[in-house]
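A.B. asks: As input, take upload16.cif (mmCIF, C-alpha atoms and all ligand atoms):
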```cif
data_structure
#
loop_
_atom_site.label_atom_id
_atom_site.label_comp_id
_atom_site.auth_asym_id
_atom_site.auth_seq_id
_atom_site.Cartn_x
_atom_site.Cartn_y
_atom_site.Cartn_z
CA MET A 1 -56.61 51.61 3.67
CA ARG A 2 -56.15 55.21 2.72
CA HIS A 3 -57.07 57.77 5.33
CA ASP A 4 -57.74 60.50 2.84
CA ASP A 5 -60.91 58.74 1.70
CA GLN A 6 -63.79 61.06 2.53
CA ARG A 7 -66.66 58.70 1.66
CA LEU A 8 -69.29 58.26 4.33
CA SER A 9 -70.29 54.72 3.35
CA VAL A 10 -69.11 52.59 6.23
CA VAL A 11 -69.07 48.90 5.38
CA ALA A 12 -71.07 48.74 2.17
CA ASP A 13 -68.07 47.47 0.22
CA LEU A 14 -66.98 44.80 2.67
CA PRO A 15 -67.18 41.44 0.91
CA ALA A 16 -67.30 38.22 2.93
CA ASP A 17 -64.12 37.01 1.14
CA GLY A 18 -64.64 33.36 1.91
CA VAL A 19 -65.67 34.00 5.50
CA VAL A 20 -69.08 32.62 6.42
CA ASP A 21 -71.51 35.53 6.68
CA ASP A 22 -73.03 35.14 10.13
CA ARG A 23 -75.04 38.38 10.04
CA ALA A 24 -78.67 37.99 10.96
CA ALA A 25 -81.21 39.91 8.89
CA ASP A 26 -82.42 41.85 11.92
CA ARG A 27 -79.01 42.88 13.19
CA VAL A 28 -78.26 46.50 14.07
CA THR A 29 -76.15 47.84 11.20
CA PRO A 30 -73.54 50.61 11.12
CA GLU A 31 -75.80 52.51 8.73
CA GLN A 32 -78.72 52.37 11.20
CA VAL A 33 -76.49 53.64 13.99
CA TRP A 34 -75.06 56.39 11.81
CA GLN A 35 -78.49 57.59 10.70
CA HIS A 36 -79.85 57.75 14.25
CA PRO A 37 -80.65 61.43 14.96
CA ARG A 38 -79.04 61.22 18.39
CA VAL A 39 -75.77 59.95 16.88
CA GLN A 40 -75.71 62.70 14.28
CA ALA A 41 -76.25 65.29 17.03
CA TYR A 42 -73.64 63.71 19.30
CA VAL A 43 -70.96 63.65 16.58
CA ARG A 44 -71.69 67.23 15.53
CA VAL A 45 -71.67 68.66 19.06
CA ALA A 46 -68.57 66.68 20.10
CA ASN A 47 -66.67 68.05 17.11
CA ASP A 48 -67.88 71.60 17.75
CA SER A 49 -66.83 71.34 21.40
CA LEU A 50 -63.32 70.21 20.47
CA ARG A 51 -63.05 72.94 17.86
CA GLN A 52 -63.74 75.48 20.63
CA ILE A 53 -60.72 74.28 22.61
CA GLY A 54 -58.39 74.03 19.61
CA TYR A 55 -58.46 70.32 18.82
CA THR A 56 -58.28 68.80 15.37
CA GLU A 57 -61.34 67.44 13.55
CA HIS A 58 -63.19 64.68 15.42
CA GLY A 59 -66.46 64.84 13.48
CA GLN A 60 -68.17 62.98 10.62
CA ARG A 61 -65.01 62.59 8.60
CA HIS A 62 -62.94 61.14 11.45
CA ALA A 63 -65.75 58.85 12.66
CA THR A 64 -66.39 57.36 9.23
CA VAL A 65 -62.70 57.04 8.31
CA VAL A 66 -62.01 55.20 11.57
CA ALA A 67 -65.10 52.99 11.14
CA ARG A 68 -64.12 51.97 7.63
CA SER A 69 -60.45 51.45 8.44
CA ALA A 70 -61.13 49.37 11.54
CA ALA A 71 -63.67 47.19 9.72
CA GLU A 72 -61.32 46.71 6.79
CA LEU A 73 -58.49 45.80 9.16
CA LEU A 74 -60.48 43.00 10.80
CA ARG A 75 -61.77 41.84 7.42
CA GLN A 76 -58.25 41.54 6.06
CA LEU A 77 -57.22 39.58 9.13
CA GLY A 78 -60.04 37.10 8.49
CA TYR A 79 -62.49 38.07 11.22
CA ALA A 80 -66.20 37.31 10.73
CA PRO A 81 -68.31 39.94 8.93
CA ARG A 82 -70.31 40.67 12.09
CA GLN A 83 -67.10 41.50 13.97
CA CYS A 84 -66.30 43.92 11.15
CA GLU A 85 -69.69 45.56 11.56
CA LEU A 86 -69.29 45.82 15.34
CA VAL A 87 -65.95 47.59 15.01
CA ALA A 88 -67.45 49.90 12.37
CA ILE A 89 -70.16 50.86 14.88
CA ALA A 90 -67.50 51.39 17.57
CA GLY A 91 -65.61 53.61 15.12
CA LEU A 92 -68.64 55.73 14.38
CA LEU A 93 -69.34 56.29 18.08
CA HIS A 94 -65.88 56.28 19.65
CA ASP A 95 -65.43 60.05 20.07
CA VAL A 96 -68.98 61.15 21.00
CA GLY A 97 -67.94 61.45 24.66
CA ASN A 98 -66.12 64.64 23.73
CA LEU A 99 -69.47 66.42 23.80
CA VAL A 100 -69.36 66.12 27.59
CA ASN A 101 -65.62 66.58 28.16
CA ARG A 102 -62.30 65.75 26.52
CA GLN A 103 -61.15 64.19 29.78
CA ASN A 104 -62.35 60.58 29.99
CA HIS A 105 -64.20 60.92 26.69
CA GLY A 106 -63.75 57.21 26.04
CA GLN A 107 -65.61 56.15 29.16
CA ILE A 108 -68.27 58.83 28.70
CA GLY A 109 -68.69 57.81 25.06
CA ALA A 110 -69.13 54.15 26.01
CA LEU A 111 -72.11 55.08 28.19
CA LEU A 112 -73.62 57.35 25.52
CA ALA A 113 -73.19 54.53 23.00
CA HIS A 114 -74.99 52.13 25.31
CA ASP A 115 -78.12 54.28 25.29
CA VAL A 116 -78.22 54.44 21.49
CA LEU A 117 -77.50 50.73 20.97
CA PHE A 118 -80.04 49.74 23.62
CA ALA A 119 -82.67 51.91 21.89
CA LEU A 120 -81.91 50.18 18.59
CA GLY A 121 -82.33 46.76 20.19
CA MET A 122 -78.75 45.49 19.92
CA PRO A 123 -78.09 42.29 21.92
CA ILE A 124 -76.20 42.88 25.15
CA ASP A 125 -73.17 40.77 24.17
CA GLU A 126 -72.58 42.97 21.13
CA THR A 127 -73.30 46.17 23.06
CA VAL A 128 -70.72 45.42 25.76
CA THR A 129 -68.08 44.58 23.13
CA ILE A 130 -68.57 48.01 21.58
CA MET A 131 -68.67 49.75 24.97
CA GLY A 132 -65.40 48.11 26.01
CA ALA A 133 -63.71 49.13 22.77
CA ILE A 134 -64.84 52.76 23.03
CA GLY A 135 -63.85 52.94 26.71
CA ASN A 136 -60.36 51.68 25.86
CA HIS A 137 -59.40 53.76 22.84
CA GLU A 138 -57.59 56.59 24.66
CA GLU A 139 -53.84 56.15 24.99
CA GLU A 140 -53.78 57.44 28.57
CA ARG A 141 -55.76 54.51 29.93
CA GLY A 142 -56.85 52.22 27.10
CA HIS A 143 -55.97 48.59 26.44
CA ALA A 144 -56.64 46.18 23.59
CA ILE A 145 -59.12 44.01 25.46
CA SER A 146 -60.73 42.42 22.39
CA PRO A 147 -60.19 42.26 18.61
CA VAL A 148 -62.75 45.06 18.25
CA ALA A 149 -60.89 47.22 20.79
CA ALA A 150 -57.53 46.51 19.13
CA ALA A 151 -58.76 47.38 15.64
CA LEU A 152 -60.40 50.57 16.92
CA ILE A 153 -57.13 51.68 18.54
CA LEU A 154 -55.16 51.10 15.35
CA ALA A 155 -57.65 52.80 13.04
CA ASP A 156 -58.07 55.78 15.36
CA LYS A 157 -54.37 56.42 15.90
CA ALA A 158 -53.67 55.95 12.18
CA ASP A 159 -55.96 58.84 11.19
CA VAL A 160 -53.41 61.61 10.89
CA HIS A 161 -54.14 63.93 8.00
CA ARG A 162 -54.06 67.59 7.03
CA SER A 163 -57.82 67.66 6.50
CA ARG A 164 -58.23 67.29 10.29
CA VAL A 165 -56.78 70.73 11.06
CA HIS A 166 -59.51 73.14 12.21
CA ASN A 167 -57.26 76.15 12.66
CA PRO A 168 -57.36 78.21 9.43
CA ASP A 169 -54.28 80.27 10.36
CA PRO A 170 -50.94 78.46 9.79
CA ALA A 171 -49.18 81.14 11.82
CA ARG A 172 -51.11 79.95 14.87
CA PHE A 173 -50.66 76.20 14.35
CA ASP A 174 -49.72 74.22 17.47
CA ILE A 175 -47.64 71.05 17.15
CA HIS A 176 -50.75 68.87 16.58
CA ASP A 177 -51.94 71.17 13.78
CA ARG A 178 -48.46 71.19 12.29
CA VAL A 179 -48.05 67.43 12.25
CA ASN A 180 -51.55 66.83 10.89
CA HIS A 181 -51.15 69.57 8.28
CA ALA A 182 -47.81 68.11 7.23
CA THR A 183 -49.28 64.64 6.69
CA THR A 184 -50.39 64.28 3.10
CA ARG A 185 -50.91 60.52 3.12
CA SER A 186 -51.63 57.94 5.81
CA VAL A 187 -52.07 54.26 4.94
CA LEU A 188 -52.43 51.24 7.22
CA HIS A 189 -51.04 48.23 5.37
CA VAL A 190 -52.14 44.79 6.49
CA ASP A 191 -50.20 41.69 5.47
CA HIS A 192 -52.26 38.76 6.65
CA GLN A 193 -49.67 36.19 5.56
CA ALA A 194 -46.72 37.90 7.22
CA HIS A 195 -48.76 38.96 10.27
CA THR A 196 -47.64 42.57 9.95
CA LEU A 197 -49.42 45.92 10.25
CA ALA A 198 -47.54 48.91 8.88
CA LEU A 199 -48.62 52.52 9.28
CA THR A 200 -47.07 54.40 6.37
CA LEU A 201 -47.09 58.19 6.50
CA THR A 202 -45.96 60.81 4.02
CA ILE A 203 -44.99 63.99 5.83
CA ASP A 204 -44.01 67.32 4.29
CA SER A 205 -40.84 67.94 6.29
CA ALA A 206 -40.94 71.63 5.40
CA ILE A 207 -44.01 71.88 7.68
CA ALA A 208 -43.20 69.41 10.46
CA SER A 209 -40.30 67.15 11.31
CA VAL A 210 -40.32 63.46 12.10
CA MET A 211 -39.24 64.50 15.61
CA ASP A 212 -42.41 66.62 15.90
CA TYR A 213 -44.39 63.52 15.02
CA PHE A 214 -42.66 61.44 17.68
CA GLU A 215 -43.01 64.15 20.30
CA ILE A 216 -46.79 63.93 20.21
CA PHE A 217 -47.42 60.44 18.86
CA LEU A 218 -44.88 58.15 20.54
CA SER A 219 -47.36 56.97 23.19
CA ARG A 220 -49.96 56.37 20.46
CA MET A 221 -47.54 54.31 18.41
CA LEU A 222 -46.65 52.19 21.45
CA MET A 223 -50.36 51.63 22.01
CA CYS A 224 -50.67 50.61 18.34
CA ARG A 225 -47.83 48.14 18.78
CA ARG A 226 -49.61 46.48 21.70
CA ALA A 227 -52.91 46.44 19.78
CA ALA A 228 -51.23 44.83 16.78
CA GLU A 229 -49.66 42.21 19.05
CA TYR A 230 -53.12 41.45 20.44
CA LEU A 231 -54.19 40.71 16.86
CA GLY A 232 -51.16 38.46 16.39
CA CYS A 233 -49.29 40.97 14.22
CA ARG A 234 -46.08 42.96 14.36
CA PHE A 235 -46.53 46.75 14.08
CA SER A 236 -44.22 49.01 12.14
CA LEU A 237 -44.20 52.74 11.46
CA VAL A 238 -42.79 54.03 8.19
CA ILE A 239 -42.43 57.78 7.64
CA ASN A 240 -41.25 59.08 4.27
CA GLY A 241 -39.97 55.62 3.37
CA VAL A 242 -37.94 55.12 6.56
CA GLN A 243 -38.97 52.44 9.03
CA LEU A 244 -38.87 53.97 12.50
CA LEU A 245 -40.60 51.31 14.62
FE FE B 301 -60.83 59.72 21.11
FE FE B 302 -60.72 59.36 17.51
#
```
Translate this file's structure into structure tokens.

C.D. replies:
Amino acid sequence: MRHDDQRLSVVADLPADGVVDDRAADRVTPEQVWQHPRVQAYVRVANDSLRQIGYTEHGQRHATVVARSAAELLRQLGYAPRQCELVAIAGLLHDVGNLVNRQNHGQIGALLAHDVLFALGMPIDETVTIMGAIGNHEEERGHAISPVAAALILADKADVHRSRVHNPDPARFDIHDRVNHATTRSVLHVDHQAHTLALTLTIDSAIASVMDYFEIFLSRMLMCRRAAEYLGCRFSLVINGVQLL
């Protein structure tokens, strides 16, 4: 899964790959959720709010990249197509809570997601799965409480890329801008047979060092390791060809 893929299509190219397709015709789809006017407004305002306080991009690009990556991760691990759709929906909605406040945005976002999913008629068992995943995606207080939550954590934390930097002035980059700007490639490799998940990054060391990366992302990588273990996999981090975790 490449994180520099800017396409907005969420799960259109997810084949069943031998897994029985258990999706009902009247299910709520990621595309329906994404096209909901309230969701479009939430994502736009959340991103604008974070831009105001100097955060990296958390808008349409991040939401769709995370949705696609998380769905692809569960698909490659053999989860049912509907589980892949549920994690795609969680990915699309996971950062909308930032429109209220950065603090506790996971919990806020879970409640905002509930309103949208309820309006679309999603069954309660699916709604609470998505709410739990969104409410547990922040490293300060999140836990992999379900396969959907675990995949969301991994896809979210794997999205490190220079296109996420809002700040147009390199002279005023903070460490988050620097690390994101330095990252030219981010790929989450899944080996279903070996039960391994590897996040492979290419970083321009003239812009940021591997130590810079660890300074801000160590807690995220530890969260990824626990999420991978929940999915029965071993997590590894490879930066510029060197395995660091
Ligand atoms: Fe978040
Ligand atoms: Fe995120």

A.B. asks: Counting all atoms listed in the file, which residues of chain A fall within 12 Å of ligand FE 302 (chain B), and what is the closest atom pair for each with its distance in Å at one decimal, ordered by chain and rising number, as CSV?

C.D. replies:
```
residue,atom,partner,partner_atom,distance
A:Val43,CA,B:FE302,FE,11.1
A:Ala46,CA,B:FE302,FE,11.0
A:Asn47,CA,B:FE302,FE,10.5
A:Leu50,CA,B:FE302,FE,11.5
A:Tyr55,CA,B:FE302,FE,11.3
A:Thr56,CA,B:FE302,FE,10.0
A:Glu57,CA,B:FE302,FE,9.0
A:His58,CA,B:FE302,FE,6.2
A:Gly59,CA,B:FE302,FE,8.9
A:Gln60,CA,B:FE302,FE,10.8
A:Arg61,CA,B:FE302,FE,10.4
A:His62,CA,B:FE302,FE,6.7
A:Ala63,CA,B:FE302,FE,7.0
A:Thr64,CA,B:FE302,FE,10.2
A:Val65,CA,B:FE302,FE,9.7
A:Val66,CA,B:FE302,FE,7.4
A:Ala67,CA,B:FE302,FE,10.0
A:Ala70,CA,B:FE302,FE,11.6
A:Ala90,CA,B:FE302,FE,10.5
A:Gly91,CA,B:FE302,FE,7.9
A:Leu92,CA,B:FE302,FE,9.3
A:Leu93,CA,B:FE302,FE,9.2
A:His94,CA,B:FE302,FE,6.4
A:Asp95,CA,B:FE302,FE,5.4
A:Val96,CA,B:FE302,FE,9.1
A:Gly97,CA,B:FE302,FE,10.4
A:Asn98,CA,B:FE302,FE,9.8
A:Arg102,CA,B:FE302,FE,11.2
A:His105,CA,B:FE302,FE,9.9
A:Gly106,CA,B:FE302,FE,9.3
A:Gly109,CA,B:FE302,FE,11.1
A:Ala133,CA,B:FE302,FE,11.9
A:Ile134,CA,B:FE302,FE,9.5
A:Gly135,CA,B:FE302,FE,11.6
A:Asn136,CA,B:FE302,FE,11.4
A:His137,CA,B:FE302,FE,7.8
A:Glu138,CA,B:FE302,FE,8.3
A:Glu139,CA,B:FE302,FE,10.7
A:Leu152,CA,B:FE302,FE,8.8
A:Ile153,CA,B:FE302,FE,8.5
A:Leu154,CA,B:FE302,FE,10.2
A:Ala155,CA,B:FE302,FE,8.5
A:Asp156,CA,B:FE302,FE,4.9
A:Lys157,CA,B:FE302,FE,7.2
A:Ala158,CA,B:FE302,FE,9.5
A:Asp159,CA,B:FE302,FE,7.9
A:Val160,CA,B:FE302,FE,10.1
A:Arg164,CA,B:FE302,FE,11.0
A:Arg220,CA,B:FE302,FE,11.6
```

A.B. asks: So which one's closest to ligand FE 301 (chain B), A:Thr202, A:Gln40, A:Gln107, A:Ser186? Using only C-alpha atoms and all ligand atoms, please.

C.D. replies: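 The shortest atom-to-atom distance to ligand FE 301 (chain B) comes from A:Gln107.
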
A.B. asks: Go through A:Val45, A:Val33, A:Ala206, A:Ile108 one by one, measure the shortest atom-to-atom distance of each to ligand FE 301 (chain B) using only C-alpha atoms and all ligand atoms, and give the residue with the smallest value.

C.D. replies: A:Ile108

A.B. asks: Work out how far CA of Arg82 (chain A) is from CA of Asp191 (chain A), in Å to one decimal.

C.D. replies: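 Going from CA of Asp191 (chain A) over to CA of Arg82 (chain A), I get 21.2 Å.
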
A.B. asks: Using all atoms listed in the file for the distances, tell me which of A:Arg178, A:Arg38, A:Arg162, A:Arg141 is nearest to ligand FE 301 (chain B).

C.D. replies: A:Arg141

A.B. asks: Of the candidates A:Ala110, A:Met221, A:Leu77, A:Ala227, which shows the shortest atom-to-atom distance to ligand FE 301 (chain B), using only C-alpha atoms and all ligand atoms?

C.D. replies: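 That would be A:Ala110, the residue with the smallest distance to ligand FE 301 (chain B).
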
A.B. asks: Any idea what the distance is between CA of Leu73 (chain A) and CA of Val238 (chain A)?

C.D. replies: 17.8 Å

A.B. asks: Could you jot down the CA of Ser49 (chain A) to CA of Leu99 (chain A) separation for me, Å, one decimal place?

C.D. replies: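 These atoms are spaced 6.1 Å apart.
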
A.B. asks: Would you please work out which residue, of A:Gly142, A:Pro168, A:Gly241, A:Pro123, is nearest to Leu86 (chain A) when using only C-alpha atoms?

C.D. replies: A:Pro123

A.B. asks: Check the smallest atom-to-atom distance from each of A:Phe217, A:His166, A:Gln103, A:Glu31 to ligand FE 301 (chain B) using only C-alpha atoms and all ligand atoms, then report the winner.

C.D. replies: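 Among the listed residues, the smallest separation from ligand FE 301 (chain B) belongs to A:Gln103.
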